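**Q** File target_32.csv follows (CSV, C-alpha atoms):
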```csv
chain,number,residue,atom,x,y,z
A,174,MET,CA,0.0,0.0,0.0
A,175,THR,CA,1.3,3.4,-0.8
A,176,GLY,CA,1.5,6.2,1.7
A,177,ALA,CA,-1.4,8.5,2.1
A,178,ARG,CA,-1.4,11.7,0.1
A,179,LEU,CA,-2.0,14.9,2.1
A,180,THR,CA,-5.0,17.1,1.4
A,181,ARG,CA,-4.1,20.2,-0.6
A,182,THR,CA,-7.5,22.0,-0.6
A,183,GLU,CA,-8.4,22.7,3.0
A,184,PRO,CA,-9.7,26.3,3.5
A,185,TRP,CA,-9.5,26.0,7.3
A,186,ALA,CA,-5.9,25.0,7.1
A,187,GLU,CA,-5.1,27.8,4.6
A,188,ALA,CA,-6.6,30.3,7.0
A,189,ALA,CA,-4.9,28.9,10.1
A,190,LEU,CA,-1.5,28.8,8.3
A,191,ALA,CA,-1.9,32.4,7.2
A,192,ALA,CA,-2.7,33.5,10.7
A,193,VAL,CA,0.3,31.7,12.2
A,194,LEU,CA,2.7,33.1,9.6
A,195,ASP,CA,1.2,36.6,10.0
A,196,ARG,CA,2.0,36.2,13.7
A,197,VAL,CA,5.6,35.4,12.7
A,198,ALA,CA,5.9,38.8,11.0
A,199,VAL,CA,4.6,40.5,14.1
A,200,THR,CA,6.9,38.5,16.3
A,201,ARG,CA,9.9,39.3,14.1
A,202,ALA,CA,9.2,43.0,14.4
A,203,GLY,CA,9.0,42.7,18.2
A,204,VAL,CA,12.0,40.6,19.0
A,205,GLY,CA,14.6,41.9,16.5
A,206,ASP,CA,17.7,39.8,16.5
A,207,ARG,CA,16.7,37.9,19.6
A,208,PHE,CA,14.9,34.5,19.6
A,209,PRO,CA,11.4,34.1,20.9
A,210,LEU,CA,10.8,31.3,23.4
A,211,PHE,CA,7.4,31.6,24.9
A,212,ALA,CA,4.7,34.3,24.9
A,213,ASP,CA,2.3,35.5,27.5
A,214,PRO,CA,-1.2,34.2,26.7
A,215,GLY,CA,-2.9,37.6,27.5
A,216,THR,CA,-0.6,40.1,25.9
A,217,GLY,CA,1.4,38.1,23.3
A,218,ARG,CA,4.6,39.5,24.7
A,219,TRP,CA,7.5,37.1,24.1
A,220,THR,CA,10.2,36.0,26.6
A,221,THR,CA,13.3,35.9,24.4
A,222,THR,CA,16.9,34.5,24.4
A,223,GLY,CA,20.0,36.0,22.9
A,224,ARG,CA,21.3,32.8,21.3
A,225,GLY,CA,18.1,30.8,20.9
A,226,SER,CA,18.8,28.0,23.4
A,227,TRP,CA,17.5,24.6,22.3
A,228,ALA,CA,14.5,26.2,20.5
A,229,GLY,CA,16.3,28.6,18.2
A,230,GLY,CA,16.0,26.4,15.1
A,231,PHE,CA,12.2,26.5,15.3
A,232,TRP,CA,12.3,30.3,15.0
A,233,ALA,CA,14.5,30.0,11.9
A,234,GLY,CA,12.2,27.3,10.6
A,235,LEU,CA,9.1,29.6,11.0
A,236,LEU,CA,10.9,32.3,9.2
A,237,TRP,CA,11.7,29.9,6.3
A,238,LEU,CA,8.0,28.9,6.2
A,239,ARG,CA,6.9,32.5,6.0
A,240,ALA,CA,9.4,33.1,3.2
A,241,ARG,CA,7.9,30.2,1.3
A,242,HIS,CA,4.4,31.4,1.9
A,243,THR,CA,4.9,35.0,0.8
A,244,GLY,CA,7.8,34.6,-1.7
A,245,ALA,CA,9.0,38.1,-0.5
A,246,GLU,CA,12.7,38.8,-0.5
A,247,PRO,CA,12.6,40.6,2.9
A,248,ASP,CA,11.1,37.5,4.4
A,249,ARG,CA,13.8,35.3,2.8
A,250,ALA,CA,16.5,37.7,4.0
A,251,ALA,CA,15.2,37.5,7.5
A,252,ALA,CA,15.3,33.7,7.4
A,253,VAL,CA,18.8,33.7,6.0
A,254,ALA,CA,20.0,36.1,8.8
A,255,CYS,CA,18.4,34.2,11.6
A,256,THR,CA,19.8,30.9,10.3
A,257,ALA,CA,23.3,32.5,10.3
A,258,ARG,CA,22.8,33.4,14.0
A,259,LEU,CA,22.5,29.6,14.7
A,260,ALA,CA,26.1,29.0,13.5
A,261,PRO,CA,27.7,29.0,17.0
A,262,TRP,CA,25.6,26.0,18.0
A,263,ALA,CA,27.3,23.7,15.4
A,264,GLU,CA,30.2,23.2,17.8
A,265,ALA,CA,28.2,23.4,21.0
A,266,ASP,CA,28.3,20.3,23.3
A,267,THR,CA,24.6,19.4,23.1
A,268,ALA,CA,22.5,16.8,21.5
A,269,THR,CA,19.8,19.4,21.0
A,270,ARG,CA,21.8,20.4,17.9
A,271,GLY,CA,19.4,18.1,16.2
A,272,LEU,CA,16.5,20.3,17.0
A,273,ILE,CA,18.4,23.5,16.4
A,274,LEU,CA,20.3,22.8,13.3
A,275,TRP,CA,18.1,20.3,11.4
A,276,TYR,CA,14.9,22.2,11.9
A,277,GLY,CA,16.6,25.5,11.5
A,278,THR,CA,17.9,24.5,8.0
A,279,ALA,CA,15.7,21.7,6.6
A,280,LEU,CA,13.1,24.1,5.1
A,281,ALA,CA,15.7,26.5,3.6
A,282,GLY,CA,15.5,24.9,0.1
A,283,ASP,CA,18.5,25.6,-2.0
A,284,ASP,CA,20.0,28.2,0.3
A,285,PRO,CA,23.8,27.5,0.2
A,286,ALA,CA,24.6,29.0,3.6
A,287,ALA,CA,21.9,26.9,5.3
A,288,ALA,CA,23.2,23.7,3.5
A,289,ALA,CA,26.8,24.5,4.5
A,290,LEU,CA,25.8,25.0,8.2
A,291,ARG,CA,23.8,21.8,8.2
A,292,ASP,CA,26.8,19.9,6.7
A,293,ARG,CA,29.1,21.4,9.3
A,294,ALA,CA,26.8,20.6,12.1
A,295,ALA,CA,26.4,17.0,10.8
A,296,GLY,CA,30.2,16.5,10.9
A,297,GLU,CA,30.5,18.0,14.4
A,298,CYS,CA,27.7,15.8,15.7
A,299,LEU,CA,29.3,12.7,14.2
A,300,ALA,CA,32.6,13.7,15.9
A,301,ALA,CA,30.7,13.9,19.2
A,302,PHE,CA,29.3,10.3,18.8
A,303,ASP,CA,30.5,8.1,21.7
A,304,PRO,CA,30.9,4.5,20.4
A,305,GLY,CA,31.1,3.2,24.0
A,306,LEU,CA,27.7,4.7,24.9
A,307,GLY,CA,26.2,4.2,21.4
A,308,LEU,CA,24.9,7.8,21.2
A,309,VAL,CA,25.7,11.5,21.1
A,310,PRO,CA,25.6,12.4,24.8
A,311,TRP,CA,23.1,15.1,25.9
A,312,GLY,CA,26.1,17.4,26.6
A,313,SER,CA,27.0,20.2,28.9
A,314,ALA,CA,26.1,23.3,26.9
A,315,LEU,CA,22.7,23.7,28.6
A,316,GLY,CA,23.9,22.9,32.1
A,317,GLY,CA,23.5,19.8,34.2
A,318,PRO,CA,25.1,16.3,33.8
A,319,ARG,CA,26.7,15.7,30.4
A,320,LEU,CA,26.2,11.9,30.1
A,321,LEU,CA,22.5,11.8,29.6
A,322,ALA,CA,20.2,10.1,27.2
A,323,ARG,CA,16.9,12.0,26.7
A,324,SER,CA,14.0,11.6,24.4
A,325,ASP,CA,14.3,15.1,23.1
A,326,ALA,CA,17.9,14.4,22.1
A,327,VAL,CA,16.7,12.1,19.2
A,328,PRO,CA,14.5,14.1,16.9
A,329,GLY,CA,16.5,16.2,14.4
A,330,MET,CA,19.7,14.3,15.4
A,331,VAL,CA,18.6,11.3,13.4
A,332,PRO,CA,18.5,13.1,10.0
A,333,LEU,CA,21.4,15.4,11.0
A,334,LEU,CA,23.8,12.6,11.7
A,335,ALA,CA,22.5,10.8,8.6
A,336,ALA,CA,23.6,13.8,6.5
A,337,ALA,CA,27.2,13.0,7.4
A,338,GLY,CA,27.6,10.1,5.0
A,339,PRO,CA,27.8,6.4,5.6
A,340,ALA,CA,29.4,6.7,9.0
A,341,GLY,CA,26.8,9.3,10.0
A,342,VAL,CA,24.0,6.9,8.9
A,343,ALA,CA,25.4,4.2,11.2
A,344,ALA,CA,25.7,6.6,14.1
A,345,ALA,CA,22.2,7.9,13.5
A,346,ALA,CA,20.8,4.4,13.7
A,347,ALA,CA,22.8,3.6,16.8
A,348,HIS,CA,21.8,6.8,18.5
A,349,LEU,CA,18.1,6.1,17.9
A,350,HIS,CA,18.2,2.5,19.0
A,351,ARG,CA,20.2,3.2,22.1
A,352,HIS,CA,17.5,5.8,23.1
A,353,LEU,CA,14.8,3.2,22.3
A,354,ASP,CA,16.6,0.7,24.5
A,355,LEU,CA,16.5,3.1,27.4
A,356,CYS,CA,13.3,5.2,26.9
A,357,LEU,CA,11.1,2.3,25.8
A,358,GLY,CA,11.9,-0.2,28.5
A,359,ARG,CA,9.6,-3.0,29.4
A,360,GLU,CA,7.6,-0.9,31.9
A,361,ALA,CA,6.7,2.8,31.8
A,362,LEU,CA,8.4,5.2,29.4
A,363,ARG,CA,11.5,6.9,30.9
A,364,HIS,CA,12.5,10.0,29.1
A,365,ALA,CA,15.9,10.7,30.7
A,366,TRP,CA,18.8,8.4,31.8
A,367,GLU,CA,22.2,9.2,33.3
A,368,PHE,CA,25.3,7.2,32.7
A,369,GLU,CA,27.5,6.6,35.7
A,370,PRO,CA,30.9,4.9,34.9
A,371,GLU,CA,30.6,2.5,37.9
A,372,ALA,CA,26.9,1.7,37.7
A,373,GLY,CA,25.9,2.2,34.0
A,374,TRP,CA,22.6,3.7,33.0
A,375,ARG,CA,20.1,4.8,35.7
A,376,PRO,CA,16.7,6.4,35.1
A,377,CYS,CA,16.2,10.1,36.1
A,378,ALA,CA,13.1,11.3,37.8
A,379,GLU,CA,12.7,14.3,35.5
A,380,PRO,CA,11.1,14.6,33.0
A,381,PRO,CA,8.4,12.2,34.4
A,382,PRO,CA,7.3,9.1,32.6
A,383,GLY,CA,4.0,10.8,31.6
A,384,TRP,CA,5.7,13.7,29.9
A,385,SER,CA,3.6,14.0,26.8
A,386,ARG,CA,6.2,16.0,24.8
A,387,GLY,CA,8.7,13.2,25.4
A,388,ARG,CA,6.3,10.7,23.8
A,389,ALA,CA,5.8,13.1,20.9
A,390,TRP,CA,9.6,13.7,20.4
A,391,LEU,CA,10.2,9.9,20.2
A,392,LEU,CA,7.4,9.5,17.7
A,393,LEU,CA,8.8,12.2,15.6
A,394,ALA,CA,12.3,10.7,15.7
A,395,LEU,CA,10.8,7.3,14.5
A,396,ALA,CA,9.1,9.1,11.6
A,397,GLU,CA,12.4,10.6,10.7
A,398,ALA,CA,14.1,7.3,10.8
A,399,LEU,CA,11.4,5.3,8.9
A,400,HIS,CA,11.8,7.7,6.0
A,401,ARG,CA,15.4,6.5,5.6
A,402,SER,CA,15.2,2.9,6.9
A,403,GLY,CA,16.1,1.1,3.6
A,404,THR,CA,19.0,-0.8,5.1
A,405,PRO,CA,19.0,-3.5,7.8
A,406,LYS,CA,21.0,-1.4,10.3
A,407,TRP,CA,17.9,0.7,10.9
A,408,ARG,CA,15.9,-2.4,12.0
A,409,PRO,CA,12.7,-1.1,10.5
A,410,GLU,CA,10.6,-3.8,12.1
A,411,ARG,CA,11.6,-2.6,15.5
A,412,LEU,CA,10.9,1.0,14.6
A,413,THR,CA,7.4,0.1,13.4
A,414,ALA,CA,6.8,-1.8,16.7
A,415,ALA,CA,7.9,1.3,18.6
A,416,VAL,CA,5.6,3.5,16.6
A,417,GLU,CA,2.7,1.2,17.6
A,418,ARG,CA,3.6,1.6,21.3
A,419,LEU,CA,3.9,5.4,21.1
A,420,LEU,CA,0.8,6.1,19.1
A,421,PRO,CA,-1.6,8.4,20.9
A,422,GLY,CA,-4.9,6.9,21.9
A,423,GLY,CA,-6.2,9.6,24.2
A,424,PRO,CA,-7.4,13.2,23.6
A,425,LEU,CA,-6.2,15.0,20.5
A,426,VAL,CA,-4.5,17.6,22.8
A,427,PRO,CA,-2.9,15.6,25.7
A,428,PRO,CA,-2.1,16.8,29.2
A,429,ALA,CA,1.4,17.9,29.7
A,430,ASP,CA,1.8,15.0,32.1
A,431,GLU,CA,-0.3,12.0,31.3
A,432,ALA,CA,-0.3,11.1,34.9
A,433,ARG,CA,-2.0,14.4,35.8
A,434,PRO,CA,-5.0,14.6,33.4
A,435,GLU,CA,-6.4,17.5,35.5
A,436,GLY,CA,-3.3,19.5,34.9
A,437,PRO,CA,-2.3,21.8,32.1
A,438,ALA,CA,-2.6,20.6,28.5
A,439,ASP,CA,0.3,20.9,26.0
A,440,THR,CA,-0.7,21.9,22.5
A,441,SER,CA,3.0,21.8,21.5
A,442,ALA,CA,3.0,18.0,22.2
A,443,ALA,CA,-0.1,17.7,20.0
A,444,ALA,CA,1.5,19.7,17.2
A,445,ILE,CA,4.7,17.6,17.2
A,446,THR,CA,2.6,14.5,17.2
A,447,ALA,CA,0.5,15.7,14.3
A,448,VAL,CA,3.6,16.3,12.1
A,449,ALA,CA,4.9,12.9,13.1
A,450,LEU,CA,1.7,11.2,12.1
A,451,LEU,CA,1.5,13.1,8.8
A,452,ALA,CA,5.1,12.0,8.1
A,453,LEU,CA,4.2,8.4,9.0
A,454,GLY,CA,1.2,8.6,6.7
A,455,ARG,CA,3.5,9.3,3.7
A,456,LEU,CA,5.1,5.9,4.1
A,457,PRO,CA,3.7,2.6,2.7
A,458,GLY,CA,1.8,0.5,5.1
A,459,PRO,CA,-1.6,-0.6,6.3
A,460,HIS,CA,-2.0,2.2,8.8
A,461,ALA,CA,-1.0,5.2,6.5
A,462,GLN,CA,-4.5,6.5,6.1
A,463,ALA,CA,-5.3,6.2,9.8
A,464,TYR,CA,-2.1,8.1,10.7
A,465,THR,CA,-3.0,10.9,8.2
A,466,ARG,CA,-6.5,11.2,9.5
A,467,ARG,CA,-5.4,11.4,13.1
A,468,GLY,CA,-2.8,14.0,12.2
A,469,GLU,CA,-5.3,16.1,10.3
A,470,ALA,CA,-7.8,15.8,13.2
A,471,VAL,CA,-5.2,17.1,15.7
A,472,LEU,CA,-4.3,20.1,13.5
A,473,ARG,CA,-8.0,20.9,13.0
A,474,ARG,CA,-8.6,20.8,16.8
A,475,LEU,CA,-5.6,23.1,17.4
A,476,ALA,CA,-6.8,25.6,14.8
A,477,ALA,CA,-10.4,25.6,16.0
A,478,ALA,CA,-9.9,25.6,19.7
A,479,HIS,CA,-6.4,26.9,20.6
A,480,LEU,CA,-5.5,29.4,17.9
A,481,THR,CA,-6.3,33.1,18.6
A,482,GLY,CA,-8.3,35.0,16.1
A,483,ARG,CA,-8.7,38.7,15.4
A,484,GLY,CA,-10.0,40.9,18.2
A,485,GLY,CA,-10.1,40.3,21.9
A,486,GLY,CA,-7.0,42.5,22.7
A,487,ARG,CA,-4.3,40.0,21.8
A,488,PRO,CA,-2.5,39.1,18.6
A,489,ALA,CA,-4.1,36.7,16.1
A,490,GLY,CA,-2.3,33.5,15.2
A,491,MET,CA,-1.1,32.5,18.7
A,492,LEU,CA,-1.2,28.8,19.5
A,493,LEU,CA,-2.1,28.9,23.2
A,494,ASP,CA,-2.2,26.3,25.9
A,495,GLY,CA,1.3,25.1,25.4
A,496,CYS,CA,3.2,23.9,28.5
A,497,TYR,CA,6.9,24.5,28.8
A,498,ASP,CA,7.5,22.9,32.2
A,499,ALA,CA,4.6,21.9,34.4
A,500,ALA,CA,6.7,20.7,37.3
A,501,ARG,CA,8.3,24.2,37.7
A,502,SER,CA,5.1,26.1,36.7
A,503,THR,CA,7.0,27.7,33.8
A,504,ALA,CA,4.9,29.0,30.9
A,505,THR,CA,2.1,26.4,31.5
A,506,ARG,CA,-0.6,27.9,29.2
A,507,HIS,CA,1.5,29.9,26.8
A,508,GLU,CA,2.4,30.3,23.2
A,509,LEU,CA,5.6,28.3,22.6
A,510,VAL,CA,7.8,28.9,19.6
A,511,TRP,CA,8.2,25.1,18.9
A,512,GLY,CA,4.4,24.7,19.1
A,513,ASP,CA,3.9,27.4,16.5
A,514,PHE,CA,6.5,25.8,14.3
A,515,PHE,CA,5.1,22.3,14.3
A,516,LEU,CA,1.5,23.7,13.9
A,517,ALA,CA,2.7,25.7,10.9
A,518,LEU,CA,4.7,22.8,9.4
A,519,GLY,CA,1.7,20.5,9.7
A,520,LEU,CA,-0.6,23.1,8.1
A,521,ALA,CA,2.0,23.7,5.4
A,522,ALA,CA,2.0,20.0,4.6
A,523,LEU,CA,-1.8,19.9,4.4
A,524,THR,CA,-2.0,22.8,2.1
A,525,GLY,CA,0.9,21.7,-0.2
A,526,LEU,CA,3.4,24.5,0.8
A,527,VAL,CA,5.8,21.8,2.1
A,528,ASP,CA,6.3,18.2,1.1
A,529,LEU,CA,7.2,16.3,4.2
A,530,THR,CA,9.5,14.0,2.3
A,531,GLU,CA,11.6,17.1,1.8
A,532,ALA,CA,12.1,17.5,5.6
A,533,TYR,CA,12.3,13.8,6.4
A,534,GLY,CA,13.5,12.1,3.2
A,535,PRO,CA,17.1,10.8,2.9
A,536,SER,CA,19.8,13.5,2.7
```
Once more with this new file: its structure as C-alpha cells, please.
**A**
Amino acid sequence: MTGARLTRTEPWAEAALAAVLDRVAVTRAGVGDRFPLFADPGTGRWTTTGRGSWAGGFWAGLLWLRARHTGAEPDRAAAVACTARLAPWAEADTATRGLILWYGTALAGDDPAAAALRDRAAGECLAAFDPGLGLVPWGSALGGPRLLARSDAVPGMVPLLAAAGPAGVAAAAAHLHRHLDLCLGREALRHAWEFEPEAGWRPCAEPPPGWSRGRAWLLLALAEALHRSGTPKWRPERLTAAVERLLPGGPLVPPADEARPEGPADTSAAAITAVALLALGRLPGPHAQAYTRRGEAVLRRLAAAHLTGRGGGRPAGMLLDGCYDAARSTATRHELVWGDFFLALGLAALTGLVDLTEAYGPS
C-alpha cells in the first residue's frame, strides 16, 4: 500500500496557516535579533533569548516557512540572517543540535549557507558520537550532567547525523536504537537516563514518565528514521513496533503530564505528534490512512480551539495552551515557539506548501 497523500485544498488549514505566519511577521518586528521562546497568553509579549537555546531552530524554521508562503525577498532575507545566527551551535556540546540545526535548516530549500551550516553541524555531531555509549551524549552546553540520554535528544539528530555520509547513517541508527533501548523499556516510558561509569545507566526522575512531549519527540524521531530505513542497520521492524507503542490513543490535545489529566494541556506536544503522524502517513503500510486522518484531526482541533483570532485584545495566530514545564510552573498555558513551528509545518503539509518528504527524506 502506498503512503497516504495529504489534502491540498483545506480552506480552514489555509486560513490557520496564514494566521500563524502573519503572527511570525509581528513577532519578528517585536524581537529583532533575539529568539522568541514563549509568549504571555494575555498580551502576546515574548520572553526571548539571545542565542536561541535549544529552541532557536524553530524560530528560523518559522521564518523559512513564512518566506515560502509570501515569496517576498525581505522574508527570505530574515530567514537567512536568523539561520546564520545559529552557527555557533554547530560546535556546542549538546544533542539538541538536532532540534536546532536540522529544523533550522531543513526548510531552507537551495540556500547554500543553510546547507553549509547543516553539513558542518552534521560533521560535528558525528565527531561527538560516543561509540562506547552508542549515542551522542546530551552534553554540557545547557547545564547539568553531560552523560544523559533524553527523548528530546533524538528528533533532528537522526537526520542530521545521517547527513554526514555512511558513518553518519550508522551513528544515527545507533543513536536512535540506544535511546529506544532506554526510553522504551519494558515498563513505563522513561524520558531521561544518566550514565555513571561505575553503575551504568540509571533512570532520572525528570522529566516524568508521563511527559507528553517526550512521547511526541520519540514518535517524531521514529518518523524521521522510517523515511530513511532502507538498510538493515535501521531495524525497521523494531521502529514500526515502537511507533505502535507510542501512538496516541487519548485526547487530541494531551495533558502535559499524562499522569495528571487534570493539569495543564500541552498543545505543542499535540502539534509535534500531528507532524509525526502526517510523516508516517506518507510511508507505505496498512495504517497510513489512519495516521494521516489522526494528524489532520489534531491540526483541525488546534486551529479551531487553541489558535487566537482577530479581536479580543491580543494578537491573532497564537497557539495557546502550550506547557513549557509543568513541574516548575514555567509557561504552563502559553504560546511556545516550537508549538507554533510544528503547527505551521503540519498546516504547510496539508496545504501543499511543504512536502514532508523534503524535511524527512534521505539526505
**Q** Could you tell me which of A:Gly277, A:Pro247, A:Gly205, A:Gly484 comes closest to Trp227 of chain A if we count all atoms listed in the file?
**A**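 Under the stated criterion, the closest residue is A:Gly277.
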**Q** Between A:Trp311, A:Trp262, A:Phe231, A:Trp219, which one has atoms that come closest to Arg293 of chain A, using all atoms listed in the file?
**A**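 For Arg293 of chain A, the nearest of the given residues is A:Trp262.
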**Q** Point out the residue among A:Ala240, A:Leu308, A:Ala188, A:Ala442 with the least atom-to-atom distance to Ala477 of chain A, counting all atoms listed in the file.
**A** A:Ala188
**Q** Counting all atoms listed in the file, write as a list of chain:residue names all protein and nucleic acid residues lying at most 10 Å from (9.5, 5.3, 15.7) in the file's frame.
**A** A:Leu349, A:His350, A:Leu353, A:Trp390, A:Leu391, A:Leu392, A:Leu393, A:Ala394, A:Leu395, A:Ala396, A:Glu397, A:Ala398, A:Leu399, A:Pro409, A:Glu410, A:Arg411, A:Leu412, A:Thr413, A:Ala414, A:Ala415, A:Val416, A:Glu417, A:Arg418, A:Leu419, A:Leu420, A:Ala449, A:Leu453
**Q** What residues have an atom no more than 12 Å from (3.7, 31.8, 12.4) in the file's own frame, counting all atoms listed in the file, and can you write them as a PyMOL selection string?
**A** chain A and resi 188-201+209+231-242+480-481+488-492+508-521
**Q** Using atom CA of Thr243 of chain A and atom CA of Tyr276 of chain A as the two end points, give the distance in Å to one decimal.
**A**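 Taking atom CA of Thr243 of chain A as the start and atom CA of Tyr276 of chain A as the end point, the length is 19.7 Å.
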**Q** Where does segment 465-532 of chain A meet segment 359-383 of chain A within 12 Å, residue by residue, with the nearest atom pair and distance in Å to one decimal for each, counting all atoms listed in the file, listed by chain and rising number, as CSV?
**A**
```
residue,atom,partner,partner_atom,distance
A:Tyr497,CA,A:Pro380,CA,11.5
A:Asp498,CA,A:Pro380,CA,9.1
A:Ala499,CA,A:Pro380,CA,9.9
A:Ala500,CA,A:Pro380,CA,8.7
A:Arg501,CA,A:Pro380,CA,11.0
```
**Q** Give me a file of those residues, with C-alpha atoms, as an mmCIF file, in the frame of the given file.
**A**
```
data_model
loop_
_atom_site.group_PDB
_atom_site.id
_atom_site.type_symbol
_atom_site.label_atom_id
_atom_site.label_comp_id
_atom_site.auth_asym_id
_atom_site.auth_seq_id
_atom_site.Cartn_x
_atom_site.Cartn_y
_atom_site.Cartn_z
ATOM 1 C CA TYR A 497 6.900 24.500 28.800
ATOM 2 C CA ASP A 498 7.500 22.900 32.200
ATOM 3 C CA ALA A 499 4.600 21.900 34.400
ATOM 4 C CA ALA A 500 6.700 20.700 37.300
ATOM 5 C CA ARG A 501 8.300 24.200 37.700
#
```
**Q** Calculated over only C-alpha atoms, which of the candidates A:Gly317, A:Pro285, A:Gly305, A:Gly271 has the smallest distance to Ala345 of chain A?
**A**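 For Ala345 of chain A, the nearest of the given residues is A:Gly271.
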**Q** Considering all atoms listed in the file, return as a compact mmCIF listing (two decimals) with C-alpha atoms, keeping the file's coordinate frame whatever protein or nucleic-acid residues lie within 9 Å of segment 424-427 of chain A, sequence-local ones (same chain, fewer than 2 positions apart) excluded.
**A**
```txt
# COMPACT_ATOMS: atom_id res chain seq x y z
CA SER A 385 3.60 14.00 26.80
CA PRO A 421 -1.60 8.40 20.90
CA GLY A 422 -4.90 6.90 21.90
CA ALA A 429 1.40 17.90 29.70
CA ASP A 430 1.80 15.00 32.10
CA GLU A 431 -0.30 12.00 31.30
CA PRO A 434 -5.00 14.60 33.40
CA PRO A 437 -2.30 21.80 32.10
CA ALA A 438 -2.60 20.60 28.50
CA ASP A 439 0.30 20.90 26.00
CA THR A 440 -0.70 21.90 22.50
CA SER A 441 3.00 21.80 21.50
CA ALA A 442 3.00 18.00 22.20
CA ALA A 443 -0.10 17.70 20.00
CA ALA A 444 1.50 19.70 17.20
CA ARG A 467 -5.40 11.40 13.10
CA ALA A 470 -7.80 15.80 13.20
CA VAL A 471 -5.20 17.10 15.70
CA LEU A 472 -4.30 20.10 13.50
CA ARG A 474 -8.60 20.80 16.80
CA LEU A 475 -5.60 23.10 17.40
```
**Q** Rank A:Arg388, A:Asp266, A:Gly482, A:Arg473 by their smallest atom-to-atom distance to Glu183 of chain A, using all atoms listed in the file, and report the top residue only.
**A**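 Smallest separation from Glu183 of chain A among the options: A:Arg473.
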**Q** Atom CA of Asp325 of chain A and atom CA of Gly387 of chain A are how many Å apart?
**A**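 Atom CA of Asp325 of chain A sits 6.3 Å away from atom CA of Gly387 of chain A.
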**Q** Which residue is closest to Arg258 of chain A? Choose from A:Gly341, A:Gly458, A:Gly468, A:Gly229 and count all atoms listed in the file.
**A**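 Ranking A:Gly341, A:Gly458, A:Gly468, A:Gly229 by distance to Arg258 of chain A, first place goes to A:Gly229.
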**Q** Enter the distance from atom CA of Ala347 of chain A to atom CA of Arg408 of chain A, in Å, rounded to one decimal.
**A** 10.3 Å
**Q** Quick one: residues within 9 Å of Thr465 of chain A, only C-alpha atoms counted, chain neighbours fewer than 3 positions away excluded, as a list in words?
**A**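 Near Thr465 of chain A, the qualifying residues are Ala177, Arg178, Leu179, Ala447, Leu450, Leu451, Ala452, Leu453, Gly454, Arg455, His460, Ala461, Gln462, Gly468, Glu469 and Ala470 of chain A.
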**Q** Kindly save the residues from that selection, with C-alpha atoms included, as a short mmCIF file (atom, residue, chain, number, x, y, z; two decimals), in the coordinates of the input.
**A**
```cif
data_model
loop_
_atom_site.label_atom_id
_atom_site.label_comp_id
_atom_site.auth_asym_id
_atom_site.auth_seq_id
_atom_site.Cartn_x
_atom_site.Cartn_y
_atom_site.Cartn_z
CA ALA A 177 -1.40 8.50 2.10
CA ARG A 178 -1.40 11.70 0.10
CA LEU A 179 -2.00 14.90 2.10
CA ALA A 447 0.50 15.70 14.30
CA LEU A 450 1.70 11.20 12.10
CA LEU A 451 1.50 13.10 8.80
CA ALA A 452 5.10 12.00 8.10
CA LEU A 453 4.20 8.40 9.00
CA GLY A 454 1.20 8.60 6.70
CA ARG A 455 3.50 9.30 3.70
CA HIS A 460 -2.00 2.20 8.80
CA ALA A 461 -1.00 5.20 6.50
CA GLN A 462 -4.50 6.50 6.10
CA GLY A 468 -2.80 14.00 12.20
CA GLU A 469 -5.30 16.10 10.30
CA ALA A 470 -7.80 15.80 13.20
#
```
